[in-house]
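Enquirer: This is target-v9.cif, which holds mmCIF, C-alpha atoms:
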```cif
data_data
#
loop_
_atom_site.label_atom_id
_atom_site.label_comp_id
_atom_site.auth_asym_id
_atom_site.auth_seq_id
_atom_site.Cartn_x
_atom_site.Cartn_y
_atom_site.Cartn_z
CA MET A 254 109.01 64.38 86.13
CA SER A 255 109.76 67.91 84.91
CA THR A 256 113.20 69.43 85.23
CA GLN A 257 114.52 72.94 85.43
CA THR A 258 115.52 72.70 81.76
CA ASP A 259 111.95 71.70 80.86
CA SER A 260 110.64 74.79 82.65
CA GLN A 261 113.10 77.03 80.85
CA ASP A 262 112.22 75.59 77.45
CA LEU A 263 108.49 75.74 78.20
CA TYR A 264 108.32 79.40 79.25
CA PHE A 265 111.50 80.95 77.83
CA ASN A 266 110.86 82.80 74.55
CA PRO A 267 114.01 83.59 72.53
CA LEU A 268 114.26 87.26 71.65
CA LYS A 269 116.08 88.52 68.58
CA SER A 270 116.68 92.22 68.94
CA SER A 271 119.31 94.79 67.98
CA SER A 272 118.70 96.70 71.23
CA GLU A 273 121.48 96.81 73.80
CA ILE A 274 121.24 94.77 76.98
CA PRO A 275 120.74 97.08 80.00
CA VAL A 276 123.66 97.37 82.42
CA ARG A 277 121.22 97.65 85.34
CA PHE A 278 117.87 95.93 85.76
CA SER A 279 115.37 98.19 84.02
CA LEU A 280 111.81 98.99 85.07
CA MET A 281 109.42 101.41 83.40
CA LYS A 282 110.89 104.90 83.40
CA ASP A 283 108.68 107.94 82.71
CA GLY A 284 106.12 105.64 81.13
CA GLU A 285 108.64 104.19 78.70
CA PRO A 286 109.77 100.53 78.79
CA HIS A 287 113.23 99.36 77.79
CA PRO A 288 113.50 98.73 74.01
CA LEU A 289 114.01 95.01 74.65
CA CYS A 290 110.68 94.95 76.48
CA VAL A 291 109.02 96.71 73.55
CA ASP A 292 110.22 93.93 71.24
CA ALA A 293 109.02 91.28 73.69
CA VAL A 294 105.62 92.94 74.07
CA LYS A 295 105.14 93.01 70.29
CA GLN A 296 105.69 89.25 70.19
CA LEU A 297 103.34 88.64 73.12
CA GLN A 298 100.59 90.86 71.72
CA LEU A 299 100.82 89.00 68.40
CA HIS A 300 100.34 85.77 70.35
CA LEU A 301 97.35 87.20 72.24
CA SER A 302 95.73 88.23 68.96
CA ASN A 303 96.16 84.81 67.32
CA GLN A 304 96.25 82.08 69.99
CA LYS A 305 93.52 79.39 70.11
CA ASP A 306 94.47 77.62 73.38
CA TRP A 307 91.92 79.44 75.56
CA GLU A 308 89.08 81.94 75.24
CA HIS A 309 88.74 85.10 77.30
CA ASN A 310 86.54 88.08 76.49
CA PHE A 311 88.77 91.15 76.53
CA GLY A 312 86.05 93.22 74.87
CA LEU A 313 88.05 93.48 71.65
CA LYS A 314 85.84 91.29 69.46
CA SER A 315 82.17 91.92 68.72
CA LYS A 316 79.57 89.38 69.89
CA GLN A 317 82.07 87.41 71.97
CA LYS A 318 80.44 85.57 74.86
CA GLY A 319 81.31 86.05 78.51
CA ARG A 320 81.82 89.01 80.79
CA ILE A 321 84.29 91.57 79.46
CA ILE A 322 87.46 91.58 81.57
CA GLY A 323 90.56 93.46 80.43
CA LYS A 324 93.83 92.18 81.80
CA MET A 325 97.30 93.40 82.73
CA PHE A 326 100.13 91.41 81.14
CA GLY A 327 103.83 91.56 81.80
CA VAL A 328 107.10 90.61 80.11
CA LEU A 329 110.43 90.05 81.81
CA VAL A 330 113.49 90.07 79.57
CA VAL A 331 116.01 87.57 80.97
CA GLN A 332 119.30 85.86 80.28
CA ASN A 333 119.02 82.11 80.81
CA SER A 334 121.65 79.63 82.02
CA LYS A 335 122.80 79.17 78.41
CA LYS A 336 123.49 82.94 78.17
CA GLN A 337 120.60 83.33 75.71
CA ILE A 338 118.42 86.45 75.76
CA GLY A 339 114.68 85.96 75.80
CA TYR A 340 111.56 86.86 77.72
CA LEU A 341 109.03 85.39 80.10
CA ALA A 342 105.33 86.30 80.03
CA ALA A 343 102.69 86.51 82.76
CA PHE A 344 99.19 87.82 83.40
CA SER A 345 97.82 89.39 86.55
CA GLY A 346 95.24 87.43 88.51
CA LYS A 347 93.52 84.68 86.57
CA LEU A 348 93.01 84.34 82.83
CA ALA A 349 90.04 82.54 81.24
CA GLY A 350 89.12 81.31 84.72
CA GLY A 351 92.46 79.60 85.29
CA ASN A 352 96.02 80.02 86.55
CA HIS A 353 97.84 77.87 84.00
CA HIS A 354 98.05 78.52 80.26
CA PRO A 355 100.71 77.77 77.61
CA LYS A 356 103.45 80.42 77.33
CA PHE A 357 102.67 82.05 80.70
CA VAL A 358 104.65 81.36 83.87
CA PRO A 359 102.72 79.73 86.75
CA PRO A 360 101.45 81.63 89.80
CA VAL A 361 103.52 81.96 92.96
CA PHE A 362 100.76 80.04 94.74
CA ASP A 363 97.96 78.19 92.96
CA SER A 364 94.78 79.08 94.83
CA LEU A 365 92.69 76.91 92.50
CA GLN A 366 94.21 73.55 93.49
CA GLU A 367 91.62 70.91 94.31
CA ASN A 368 91.33 69.85 97.96
CA SER A 369 93.65 72.66 99.02
CA PHE A 370 93.40 74.27 102.46
CA LEU A 371 91.85 77.28 100.71
CA ASN A 372 89.06 75.34 99.02
CA ASN A 373 88.32 73.43 102.21
CA GLY A 374 88.40 76.66 104.20
CA MET A 375 86.04 78.39 101.79
CA ALA A 376 83.66 75.44 102.00
CA GLU A 377 83.59 75.82 105.80
CA LEU A 378 82.99 79.56 105.43
CA LYS A 379 80.07 78.84 103.11
CA ARG A 380 78.65 76.37 105.64
CA LEU A 381 78.85 78.97 108.41
CA ASN A 382 77.13 81.57 106.23
CA GLU A 383 74.31 79.14 105.49
CA GLU A 384 73.94 78.28 109.18
CA ILE A 385 73.72 81.97 110.05
CA LEU A 386 71.03 82.53 107.40
CA ASN A 387 69.04 79.57 108.71
CA GLU A 388 69.24 80.89 112.27
CA GLU A 389 68.20 84.37 111.15
CA ALA A 390 65.14 82.86 109.50
CA SER A 391 64.31 80.94 112.65
CA MET A 392 61.90 82.24 115.27
CA SER A 393 63.39 80.22 118.12
CA TYR A 394 63.95 81.92 121.48
CA ASP A 395 67.71 81.54 121.54
CA HIS A 396 68.46 82.25 117.88
CA LYS A 397 70.04 85.66 118.62
CA SER A 398 72.74 84.21 120.87
CA LYS A 399 73.41 81.43 118.35
CA ILE A 400 73.78 83.97 115.55
CA THR A 401 76.23 86.03 117.61
CA LEU A 402 78.37 82.98 118.34
CA LEU A 403 78.26 81.85 114.71
CA LYS A 404 79.34 85.29 113.47
CA ILE A 405 82.28 85.25 115.90
CA ARG A 406 83.27 81.80 114.65
CA ARG A 407 82.96 83.02 111.05
CA LYS A 408 85.19 86.03 111.68
CA ILE A 409 87.85 83.94 113.44
CA HIS A 410 87.78 81.35 110.66
CA SER A 411 87.90 84.00 107.91
CA ASN A 412 90.88 85.82 109.49
CA ALA A 413 92.79 82.57 110.04
CA LEU A 414 92.15 81.47 106.45
CA GLN A 415 93.29 84.83 105.08
CA ASN A 416 96.52 84.74 107.12
CA GLU A 417 97.25 81.17 106.02
CA LEU A 418 96.76 82.25 102.42
CA PHE A 419 99.16 85.18 102.85
CA ASN A 420 101.74 82.81 104.35
CA HIS A 421 101.53 80.56 101.28
CA TYR A 422 102.63 83.42 99.03
CA CYS A 423 106.41 83.45 99.54
CA PHE A 424 108.79 85.48 97.38
CA LEU A 425 112.47 85.12 96.58
CA ASN A 426 115.15 87.70 95.88
CA PRO A 427 118.65 87.37 94.33
CA LYS A 428 120.12 86.72 97.78
CA GLY A 429 117.98 83.60 98.13
CA GLU A 430 115.90 85.19 100.90
CA LEU A 431 112.32 83.94 101.09
CA LYS A 432 109.62 86.11 102.67
CA SER A 433 105.86 85.69 102.93
CA LEU A 434 103.35 88.39 102.09
CA LEU A 435 102.72 88.95 105.80
CA GLU A 436 106.44 89.50 106.45
CA ILE A 437 106.88 91.78 103.42
CA PHE A 438 103.92 94.05 104.17
CA LYS A 439 104.68 94.14 107.89
CA LEU A 440 108.13 95.52 107.05
CA ALA A 441 106.40 98.08 104.82
CA SER A 442 104.24 99.16 107.81
CA TYR A 443 101.00 97.75 106.40
CA LYS A 444 98.47 96.25 108.80
CA ASN A 445 97.71 93.50 106.27
CA PRO A 446 98.51 92.87 102.60
CA PRO A 447 95.82 94.23 100.26
CA SER A 448 93.51 91.83 98.45
CA GLY A 449 95.14 90.32 95.36
CA ALA A 450 98.70 91.02 96.51
CA GLY A 451 101.11 88.55 94.94
CA GLU A 452 98.88 87.94 91.90
CA CYS A 453 100.32 90.66 89.69
CA ALA A 454 102.46 89.84 86.66
CA GLY A 455 105.73 91.40 87.90
CA PRO A 456 106.21 89.25 91.04
CA LYS A 457 105.19 86.10 89.12
CA LEU A 458 107.86 86.79 86.51
CA LEU A 459 110.68 87.54 88.94
CA GLN A 460 109.81 84.49 91.05
CA PHE A 461 110.02 82.17 88.04
CA ALA A 462 113.30 83.73 86.90
CA TYR A 463 114.94 83.24 90.31
CA LEU A 464 113.69 79.66 90.62
CA ASN A 465 115.18 78.83 87.23
CA GLN A 466 118.50 80.66 87.49
CA MET A 467 117.59 83.27 84.93
CA LYS A 468 119.02 86.77 85.21
CA PRO A 469 116.32 89.50 85.08
CA LEU A 470 117.21 92.33 82.70
CA ALA A 471 114.08 94.44 82.14
CA LEU A 472 110.40 94.40 83.10
CA ALA A 473 107.33 96.02 81.54
CA GLU A 474 103.54 95.65 81.94
CA PHE A 475 100.72 96.62 79.60
CA TRP A 476 96.92 96.57 79.55
CA TRP A 477 95.14 94.35 77.04
CA GLY A 478 91.43 94.78 76.45
CA GLN A 479 88.58 97.19 76.94
CA SER A 480 89.04 99.87 79.59
CA PRO A 481 87.27 99.21 82.90
CA LYS A 482 84.53 101.58 84.15
CA SER A 483 87.13 103.65 85.99
CA ASP A 484 88.75 104.24 82.57
CA GLN A 485 92.10 103.99 84.31
CA TRP A 486 93.73 101.59 81.84
CA LYS A 487 93.85 101.80 78.06
CA HIS A 488 94.34 99.01 75.54
CA GLU A 489 98.04 98.38 74.72
CA ASN A 490 99.26 101.18 77.01
CA TYR A 491 102.21 100.56 79.34
CA TYR A 492 101.89 100.99 83.10
CA SER A 493 104.28 100.96 86.02
CA CYS A 494 103.89 98.26 88.67
CA CYS A 495 101.07 99.15 91.08
CA LYS A 496 102.20 100.99 94.18
CA GLU A 497 99.78 99.50 96.70
CA LYS A 498 100.16 95.79 95.87
CA CYS A 499 103.51 95.44 94.13
CA GLU A 500 105.88 98.08 95.50
CA PRO A 501 106.57 96.33 98.85
CA ILE A 502 106.95 92.97 97.09
CA LEU A 503 109.33 94.35 94.47
CA LYS A 504 111.35 96.13 97.13
CA HIS A 505 112.05 92.70 98.62
CA MET A 506 112.43 90.84 95.31
CA LEU A 507 114.89 93.37 93.88
CA ASN A 508 116.98 93.57 97.05
CA GLY A 509 120.43 92.52 95.94
CA ILE A 510 120.08 93.45 92.28
CA ASP A 511 121.36 96.64 90.67
CA SER A 512 118.21 98.31 89.42
CA ASP A 513 116.37 101.57 88.71
CA PHE A 514 113.81 100.72 91.41
#
```
Re-express the file's structure as structure tokens.
Expert:
Amino acid sequence: MSTQTDSQDLYFNPLKSSSEIPVRFSLMKDGEPHPLCVDAVKQLQLHLSNQKDWEHNFGLKSKQKGRIIGKMFGVLVVQNSKKQIGYLAAFSGKLAGGNHHPKFVPPVFDSLQENSFLNNGMAELKRLNEEILNEEASMSYDHKSKITLLKIRRKIHSNALQNELFNHYCFLNPKGELKSLLEIFKLASYKNPPSGAGECAGPKLLQFAYLNQMKPLALAEFWWGQSPKSDQWKHENYYSCCKEKCEPILKHMLNGIDSDF
């Protein structure tokens, strides 16, 4: 059985740096990360360039197999329970088709668990889609009414599944307050959380730090890989946490901590 100490040792990366520890929690400011984050990012990028634990096509190597998918990574400089300074690392979304990889903190909620409500719910959604397609191909007299009823069932099921998923993403803050995605985005006057909310690197990092009694000191995120078609992100460049998905979550997660946010 794993312990809190095991988790700290597994994901905590000691950081030797001459840079001063920030007095307040530091986020990206004017596109510039805190110097401690720069040191942490250098270590993480060296790991990304040399690791052999998994394979993911970032578009940085010629003739590599698989679809090219660049990825946002994050580092959170922390002080652990032993008063040591180090950093945690995370990736946004999934990496190499999975949620769990050495060195990177786990997701807030693992949507890839076998026999989870999500997998079972998606299987039911697939069944309904297939039933609708079969009815649409049918020439029976009452197929139109059946299709209408099936589409209503599908919409109800899909909405219920999405809401249950949002309720499984729950985030802590320094006060020990736990709020789901639905609660957080409702307070931010959103109708619903956007797709992918809760999967970004920043919230993953803060969640792990709080769960393991680590004090967050500074956070930075960078893009690793070929630029997407939108050309919005560039390899190795730093970026602030996304406004649409992360800002409401961070507002909750940093409530109670002295920060630049």
Enquirer: Name the residues within 10 Å of (92.9, 93.9, 72.9), counting all atoms listed in the file in the file's coordinates, and put them as a PyMOL selection string.
Expert: chain A and resi 298+301-302+310-314+323-324+476-480+487-489
Enquirer: Using all atoms listed in the file for the distances, tell me which of A:Val361, A:Leu268, A:Leu403, A:Leu459 is nearest to A:Leu378.
Expert: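 Counting all atoms listed in the file, the residue closest to A:Leu378 is A:Leu403.
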Enquirer: Rank nothing, just name the residue among A:Leu289, A:Asn465, A:Tyr264, A:Lys498 nearest to A:Leu434, using all atoms listed in the file.
Expert: A:Lys498
Enquirer: Report the residues retrieved by the PyMOL selection byres ((chain A and resi 475) around 7) from the displayed file, expressed as a ChimeraX atom specification.
Expert: /A:325-327,473-474,476-477,489-492
Enquirer: Quick one: residues within 12 Å of A:Asn412, only C-alpha atoms, excluding same-chain residues fewer than 4 positions away - as a list in words?
Expert: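 The contact residues come out as Gly374, Met375, Leu378, Ile405, Arg406, Arg407, Lys408, Asn416, Glu417, Leu418, Phe419 and Asn445 of chain A.
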Enquirer: So what do you get for atom CA of A:Ser448 versus atom CA of A:Asn508, distance-wise?
Expert: 23.6 Å
Enquirer: N, CA and C atoms are what I want for stretch 281-298 of chain A; can you complete it accordingly and write them as a CSV table (one decimal), in the frame of the given file?
Expert:
```csv
chain,number,residue,atom,x,y,z
A,281,MET,N,110.0,100.3,84.1
A,281,MET,CA,109.4,101.4,83.4
A,281,MET,C,110.0,102.7,83.9
A,282,LYS,N,110.4,103.6,83.0
A,282,LYS,CA,110.9,104.9,83.4
A,282,LYS,C,110.2,106.0,82.6
A,283,ASP,N,109.5,106.9,83.3
A,283,ASP,CA,108.7,107.9,82.7
A,283,ASP,C,107.7,107.4,81.7
A,284,GLY,N,107.1,106.2,82.0
A,284,GLY,CA,106.1,105.6,81.1
A,284,GLY,C,106.7,104.9,79.9
A,285,GLU,N,108.0,104.8,79.9
A,285,GLU,CA,108.6,104.2,78.7
A,285,GLU,C,109.4,102.9,79.1
A,286,PRO,N,109.1,101.8,78.5
A,286,PRO,CA,109.8,100.5,78.8
A,286,PRO,C,111.1,100.5,78.1
A,287,HIS,N,112.0,99.6,78.5
A,287,HIS,CA,113.2,99.4,77.8
A,287,HIS,C,112.9,98.8,76.4
A,288,PRO,N,113.7,99.2,75.4
A,288,PRO,CA,113.5,98.7,74.0
A,288,PRO,C,113.4,97.2,73.9
A,289,LEU,N,114.1,96.5,74.7
A,289,LEU,CA,114.0,95.0,74.6
A,289,LEU,C,112.6,94.6,75.1
A,290,CYS,N,112.0,95.3,76.0
A,290,CYS,CA,110.7,95.0,76.5
A,290,CYS,C,109.7,95.3,75.4
A,291,VAL,N,109.9,96.3,74.6
A,291,VAL,CA,109.0,96.7,73.6
A,291,VAL,C,109.0,95.6,72.5
A,292,ASP,N,110.2,95.0,72.2
A,292,ASP,CA,110.2,93.9,71.2
A,292,ASP,C,109.5,92.7,71.8
A,293,ALA,N,109.7,92.4,73.1
A,293,ALA,CA,109.0,91.3,73.7
A,293,ALA,C,107.5,91.5,73.7
A,294,VAL,N,107.1,92.7,74.0
A,294,VAL,CA,105.6,92.9,74.1
A,294,VAL,C,105.0,92.8,72.7
A,295,LYS,N,105.7,93.2,71.7
A,295,LYS,CA,105.1,93.0,70.3
A,295,LYS,C,104.9,91.5,70.0
A,296,GLN,N,105.8,90.7,70.4
A,296,GLN,CA,105.7,89.2,70.2
A,296,GLN,C,104.5,88.7,71.0
A,297,LEU,N,104.4,89.1,72.3
A,297,LEU,CA,103.3,88.6,73.1
A,297,LEU,C,102.0,89.1,72.6
A,298,GLN,N,101.9,90.4,72.2
A,298,GLN,CA,100.6,90.9,71.7
A,298,GLN,C,100.2,90.1,70.4
```
